[in-house]
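Have a look at model12.txt; it's compact mmCIF, C-alpha atoms:
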# COMPACT_ATOMS: atom_id res chain seq x y z
CA GLN A 18 1.07 18.92 -11.00
CA VAL A 19 1.71 18.62 -7.28
CA GLN A 20 4.51 16.31 -6.24
CA LEU A 21 5.47 15.25 -2.73
CA VAL A 22 8.82 13.59 -2.04
CA GLU A 23 9.67 12.12 1.35
CA SER A 24 13.12 11.54 2.77
CA GLY A 25 14.78 10.81 6.08
CA GLY A 26 13.62 7.29 6.79
CA GLY A 27 15.96 4.56 7.93
CA LEU A 28 16.84 2.03 10.60
CA VAL A 29 17.05 3.19 14.21
CA GLN A 30 17.14 1.53 17.60
CA ALA A 31 14.25 1.81 20.00
CA GLY A 32 14.45 5.09 21.90
CA GLY A 33 16.15 6.83 19.01
CA SER A 34 15.03 9.69 16.79
CA LEU A 35 14.47 10.38 13.13
CA ARG A 36 13.35 13.43 11.21
CA LEU A 37 11.28 12.91 8.10
CA SER A 38 11.10 15.57 5.42
CA CYS A 39 8.53 16.14 2.69
CA ALA A 40 9.40 18.39 -0.23
CA ALA A 41 6.39 19.81 -2.04
CA SER A 42 6.42 21.15 -5.57
CA GLY A 43 3.80 22.28 -8.05
CA GLY A 44 1.57 23.88 -5.43
CA ILE A 45 1.60 26.73 -2.95
CA LEU A 46 2.29 24.97 0.33
CA SER A 47 0.73 27.70 2.47
CA ARG A 48 -2.68 26.86 0.99
CA ALA A 49 -2.53 23.15 1.77
CA GLY A 50 -3.44 21.03 4.71
CA MET A 51 -0.57 18.61 5.15
CA GLY A 52 -0.14 15.37 7.01
CA TRP A 53 1.87 12.27 7.66
CA TYR A 54 0.39 8.79 7.49
CA ARG A 55 1.94 5.39 7.95
CA GLN A 56 1.27 1.82 6.93
CA ALA A 57 2.74 -1.17 8.69
CA PRO A 58 2.88 -4.61 7.05
CA GLY A 59 -0.55 -6.22 7.05
CA LYS A 60 -2.25 -3.13 8.41
CA GLN A 61 -4.26 -0.28 7.00
CA ARG A 62 -2.77 3.12 6.42
CA GLU A 63 -3.29 5.32 9.47
CA LEU A 64 -3.06 8.97 10.34
CA VAL A 65 0.03 10.04 12.25
CA ALA A 66 -0.20 13.83 12.31
CA THR A 67 -1.70 16.74 10.41
CA ILE A 68 -1.01 20.45 10.21
CA SER A 69 -3.42 23.01 8.83
CA PRO A 70 -2.51 25.97 6.63
CA GLY A 71 -2.72 28.08 9.79
CA GLY A 72 -0.42 25.79 11.74
CA SER A 73 -2.91 23.90 13.89
CA THR A 74 -1.74 20.37 14.57
CA ASN A 75 -3.38 17.07 15.31
CA TYR A 76 -1.78 13.79 16.37
CA ALA A 77 -2.71 10.16 16.69
CA ASP A 78 -2.88 9.14 20.34
CA SER A 79 -0.09 6.63 19.77
CA VAL A 80 2.43 9.36 18.89
CA LYS A 81 1.35 12.27 21.08
CA GLY A 82 4.24 13.65 23.07
CA ARG A 83 6.80 11.85 20.89
CA PHE A 84 6.26 13.18 17.36
CA THR A 85 6.08 16.77 16.15
CA ILE A 86 4.82 17.92 12.75
CA SER A 87 5.95 21.27 11.37
CA ARG A 88 5.99 23.18 8.12
CA ASP A 89 8.17 25.75 6.41
CA ASN A 90 6.04 27.34 3.73
CA GLY A 91 8.90 29.43 2.41
CA GLN A 92 10.94 26.31 1.72
CA ASN A 93 7.92 24.21 0.66
CA MET A 94 8.81 21.64 3.30
CA VAL A 95 6.91 19.64 5.89
CA TYR A 96 8.68 17.76 8.66
CA LEU A 97 7.96 15.02 11.13
CA GLN A 98 10.30 14.89 14.10
CA MET A 99 10.05 11.47 15.72
CA ASN A 100 11.53 10.92 19.17
CA SER A 101 11.46 7.98 21.58
CA LEU A 102 10.79 5.63 18.70
CA LYS A 103 9.29 2.24 19.40
CA PRO A 104 9.32 -0.99 17.35
CA GLU A 105 5.60 -0.49 16.72
CA ASP A 106 6.43 2.73 14.87
CA THR A 107 7.93 0.60 12.10
CA ALA A 108 6.08 1.38 8.88
CA ILE A 109 6.24 3.14 5.56
CA TYR A 110 5.56 6.82 6.21
CA TYR A 111 3.71 8.85 3.60
CA CYS A 112 3.41 12.58 3.17
CA ASN A 113 -0.06 13.82 2.26
CA GLY A 114 -1.28 17.16 1.03
CA GLU A 115 -4.67 18.54 0.10
CA TRP A 116 -5.10 21.34 -2.38
CA PHE A 117 -8.64 22.38 -3.34
CA ARG A 118 -10.05 19.10 -1.95
CA ILE A 119 -7.67 17.01 -4.05
CA GLN A 120 -5.41 14.62 -2.14
CA TYR A 121 -1.81 14.05 -3.13
CA TRP A 122 0.57 11.42 -1.79
CA GLY A 123 4.29 10.89 -1.79
CA GLN A 124 5.92 7.56 -2.56
CA GLY A 125 6.70 6.83 1.08
CA THR A 126 9.82 6.35 3.15
CA GLN A 127 10.58 3.29 5.26
CA VAL A 128 11.11 3.66 9.00
CA THR A 129 12.33 0.59 10.86
CA VAL A 130 12.76 0.60 14.63
CA SER A 131 14.71 -2.29 16.11
CA SER A 132 14.21 -3.52 19.66
Could you quickly redo this structure as structure tokens?
Amino acid sequence: QVQLVESGGGLVQAGGSLRLSCAASGGILSRAGMGWYRQAPGKQRELVATISPGGSTNYADSVKGRFTISRDNGQNMVYLQMNSLKPEDTAIYYCNGEWFRIQYWGQGTQVTVSS
């Protein structure tokens, strides 16, 4: 059974940085497409960034140039480095992984950016 556990969220001032981590277990990370999504209060969950098994990345326009997704297959970890944070980045951030067309989600980690 695949499990994804996020960590690294918190409260930060606008302009600051946070690094989110996602620990994967129960699956071979190198075979999975991974991603980060977020959901703000009253809004739908939205894509933030994805990274393919080969390392290709994709970002939402709203975070391009500020966020970086990376993976360490040997450590079964996926990261989201978030710089130049804005109040509109406030949301619960979820780690997502897809193995054999099955989607798995973590429980989420809260990121709050104060102005």
Enclosing box along x, y and z for every listed atom of range 92-104 of chain A, padded 5 Å each side, centre and size in Å, one decimal, as lines of an AutoDock Vina configuration file:
center_x = 9.2
center_y = 12.7
center_z = 11.1
size_x = 14.6
size_y = 37.3
size_z = 30.9
Report task. Write out as a ChimeraX atom specification which residues come within 9 Å of Ser101 in chain A when counting all atoms listed in the file, dropping same-chain ones fewer than 6 positions away. Result -> /A:31-34,83-84
Could you save those same residues with C-alpha atoms as a PDB file, in the frame of the given file?
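Done, and the output landed in selection_39.pdb:
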ATOM      1  CA  ALA A  31      14.250   1.810  20.000  1.00  0.00           C
ATOM      2  CA  GLY A  32      14.450   5.090  21.900  1.00  0.00           C
ATOM      3  CA  GLY A  33      16.150   6.830  19.010  1.00  0.00           C
ATOM      4  CA  SER A  34      15.030   9.690  16.790  1.00  0.00           C
ATOM      5  CA  ARG A  83       6.800  11.850  20.890  1.00  0.00           C
ATOM      6  CA  PHE A  84       6.260  13.180  17.360  1.00  0.00           C
TER       7      PHE A  84
END
Query - Option closest in space to Tyr111 in chain A, from A:Gln18, A:Asn90, A:Thr74, A:Ser38 [counting only C-alpha atoms] - result: A:Ser38
Report task. Would you please work out which residue, of A:Gln30, A:Ser42, A:Gln98, A:Gln127, is nearest to Gly114 in chain A when using all atoms listed in the file? Result -> A:Ser42
Query raised in the report: Of the candidates A:Met99, A:Ile109, A:Met94, A:Leu46, which shows the shortest atom-to-atom distance to Val128 in chain A, using only C-alpha atoms?
Result: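 Checking each candidate against Val128 in chain A, we get A:Ile109 as the closest.
Proximity to Arg88 in chain A was assessed for A:Pro104, A:Gly71, A:Gly44, A:Gly125 counting all atoms listed in the file; the smallest distance is recorded for A:Gly71.
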Report task. Just give me the gap between CA of Lys60 in chain A and CA of Phe117 in chain A in Å, one decimal is fine. Result ->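 CA of Phe117 in chain A lies at a distance of 28.8 Å from CA of Lys60 in chain A.
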Query raised in the report: From the set A:Val29, A:Ile45, A:Ala40, A:Ala57, which residue has the shortest atom-to-atom contact distance to Pro70 in chain A, counting all atoms listed in the file?
Result: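 So, comparing all the options, the nearest one is A:Ile45.
Minimum atom-to-atom distance to Gln20 in chain A, evaluated using only C-alpha atoms, belongs to A:Ala41 out of A:Leu35, A:Ala41, A:Val65, A:Met51.
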Query - Atomic distance CA of Glu115 in chain A - CA of Gly82 in chain A, expressed in Å with one decimal - result: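 Interatomic distance here is 25.1 Å.
Atom pair CA of Leu64 in chain A / CA of Gly43 in chain A has a distance of 23.7 Å (rounded to one decimal).
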Since the input lacks atoms, please generate N, CA and C atoms for range 49-72 of chain A and provide them as an mmCIF file, in the frame of the given file.
data_model
loop_
_atom_site.group_PDB
_atom_site.id
_atom_site.type_symbol
_atom_site.label_atom_id
_atom_site.label_comp_id
_atom_site.auth_asym_id
_atom_site.auth_seq_id
_atom_site.Cartn_x
_atom_site.Cartn_y
_atom_site.Cartn_z
ATOM 1 N N ALA A 49 -2.208 24.570 1.639
ATOM 2 C CA ALA A 49 -2.530 23.150 1.770
ATOM 3 C C ALA A 49 -2.554 22.669 3.206
ATOM 4 N N GLY A 50 -3.510 21.818 3.494
ATOM 5 C CA GLY A 50 -3.440 21.030 4.710
ATOM 6 C C GLY A 50 -2.507 19.870 4.461
ATOM 7 N N MET A 51 -1.577 19.637 5.368
ATOM 8 C CA MET A 51 -0.570 18.610 5.150
ATOM 9 C C MET A 51 -0.624 17.587 6.278
ATOM 10 N N GLY A 52 -0.127 16.397 5.980
ATOM 11 C CA GLY A 52 -0.140 15.370 7.010
ATOM 12 C C GLY A 52 0.855 14.270 6.733
ATOM 13 N N TRP A 53 1.073 13.485 7.760
ATOM 14 C CA TRP A 53 1.870 12.270 7.660
ATOM 15 C C TRP A 53 0.993 11.084 8.042
ATOM 16 N N TYR A 54 1.098 10.041 7.241
ATOM 17 C CA TYR A 54 0.390 8.790 7.490
ATOM 18 C C TYR A 54 1.420 7.677 7.474
ATOM 19 N N ARG A 55 1.028 6.527 7.991
ATOM 20 C CA ARG A 55 1.940 5.390 7.950
ATOM 21 C C ARG A 55 1.166 4.095 7.730
ATOM 22 N N GLN A 56 1.871 3.131 7.172
ATOM 23 C CA GLN A 56 1.270 1.820 6.930
ATOM 24 C C GLN A 56 2.274 0.748 7.288
ATOM 25 N N ALA A 57 1.913 -0.049 8.269
ATOM 26 C CA ALA A 57 2.740 -1.170 8.690
ATOM 27 C C ALA A 57 2.326 -2.408 7.904
ATOM 28 N N PRO A 58 3.209 -3.388 7.792
ATOM 29 C CA PRO A 58 2.880 -4.610 7.050
ATOM 30 C C PRO A 58 1.600 -5.273 7.572
ATOM 31 N N GLY A 59 0.684 -5.567 6.665
ATOM 32 C CA GLY A 59 -0.550 -6.220 7.050
ATOM 33 C C GLY A 59 -1.583 -5.343 7.702
ATOM 34 N N LYS A 60 -1.312 -4.051 7.764
ATOM 35 C CA LYS A 60 -2.250 -3.130 8.410
ATOM 36 C C LYS A 60 -2.685 -2.041 7.455
ATOM 37 N N GLN A 61 -3.781 -1.382 7.809
ATOM 38 C CA GLN A 61 -4.260 -0.280 7.000
ATOM 39 C C GLN A 61 -3.427 0.977 7.254
ATOM 40 N N ARG A 62 -3.446 1.840 6.260
ATOM 41 C CA ARG A 62 -2.770 3.120 6.420
ATOM 42 C C ARG A 62 -3.486 3.916 7.512
ATOM 43 N N GLU A 63 -2.698 4.572 8.371
ATOM 44 C CA GLU A 63 -3.290 5.320 9.470
ATOM 45 C C GLU A 63 -2.695 6.711 9.580
ATOM 46 N N LEU A 64 -3.507 7.606 10.120
ATOM 47 C CA LEU A 64 -3.060 8.970 10.340
ATOM 48 C C LEU A 64 -2.026 9.023 11.448
ATOM 49 N N VAL A 65 -0.971 9.797 11.215
ATOM 50 C CA VAL A 65 0.030 10.040 12.250
ATOM 51 C C VAL A 65 -0.124 11.458 12.792
ATOM 52 N N ALA A 66 -0.114 12.432 11.891
ATOM 53 C CA ALA A 66 -0.200 13.830 12.310
ATOM 54 C C ALA A 66 -0.633 14.684 11.136
ATOM 55 N N THR A 67 -1.318 15.779 11.435
ATOM 56 C CA THR A 67 -1.700 16.740 10.410
ATOM 57 C C THR A 67 -1.375 18.153 10.878
ATOM 58 N N ILE A 68 -1.232 19.042 9.911
ATOM 59 C CA ILE A 68 -1.010 20.450 10.210
ATOM 60 C C ILE A 68 -1.792 21.269 9.199
ATOM 61 N N SER A 69 -2.573 22.199 9.693
ATOM 62 C CA SER A 69 -3.420 23.010 8.830
ATOM 63 C C SER A 69 -2.620 24.135 8.199
ATOM 64 N N PRO A 70 -3.210 24.818 7.204
ATOM 65 C CA PRO A 70 -2.510 25.970 6.630
ATOM 66 C C PRO A 70 -2.170 27.025 7.694
ATOM 67 N N GLY A 71 -2.979 27.113 8.732
ATOM 68 C CA GLY A 71 -2.720 28.080 9.790
ATOM 69 C C GLY A 71 -1.782 27.597 10.879
ATOM 70 N N GLY A 72 -1.373 26.314 10.776
ATOM 71 C CA GLY A 72 -0.420 25.790 11.740
ATOM 72 C C GLY A 72 -1.007 24.958 12.862
#
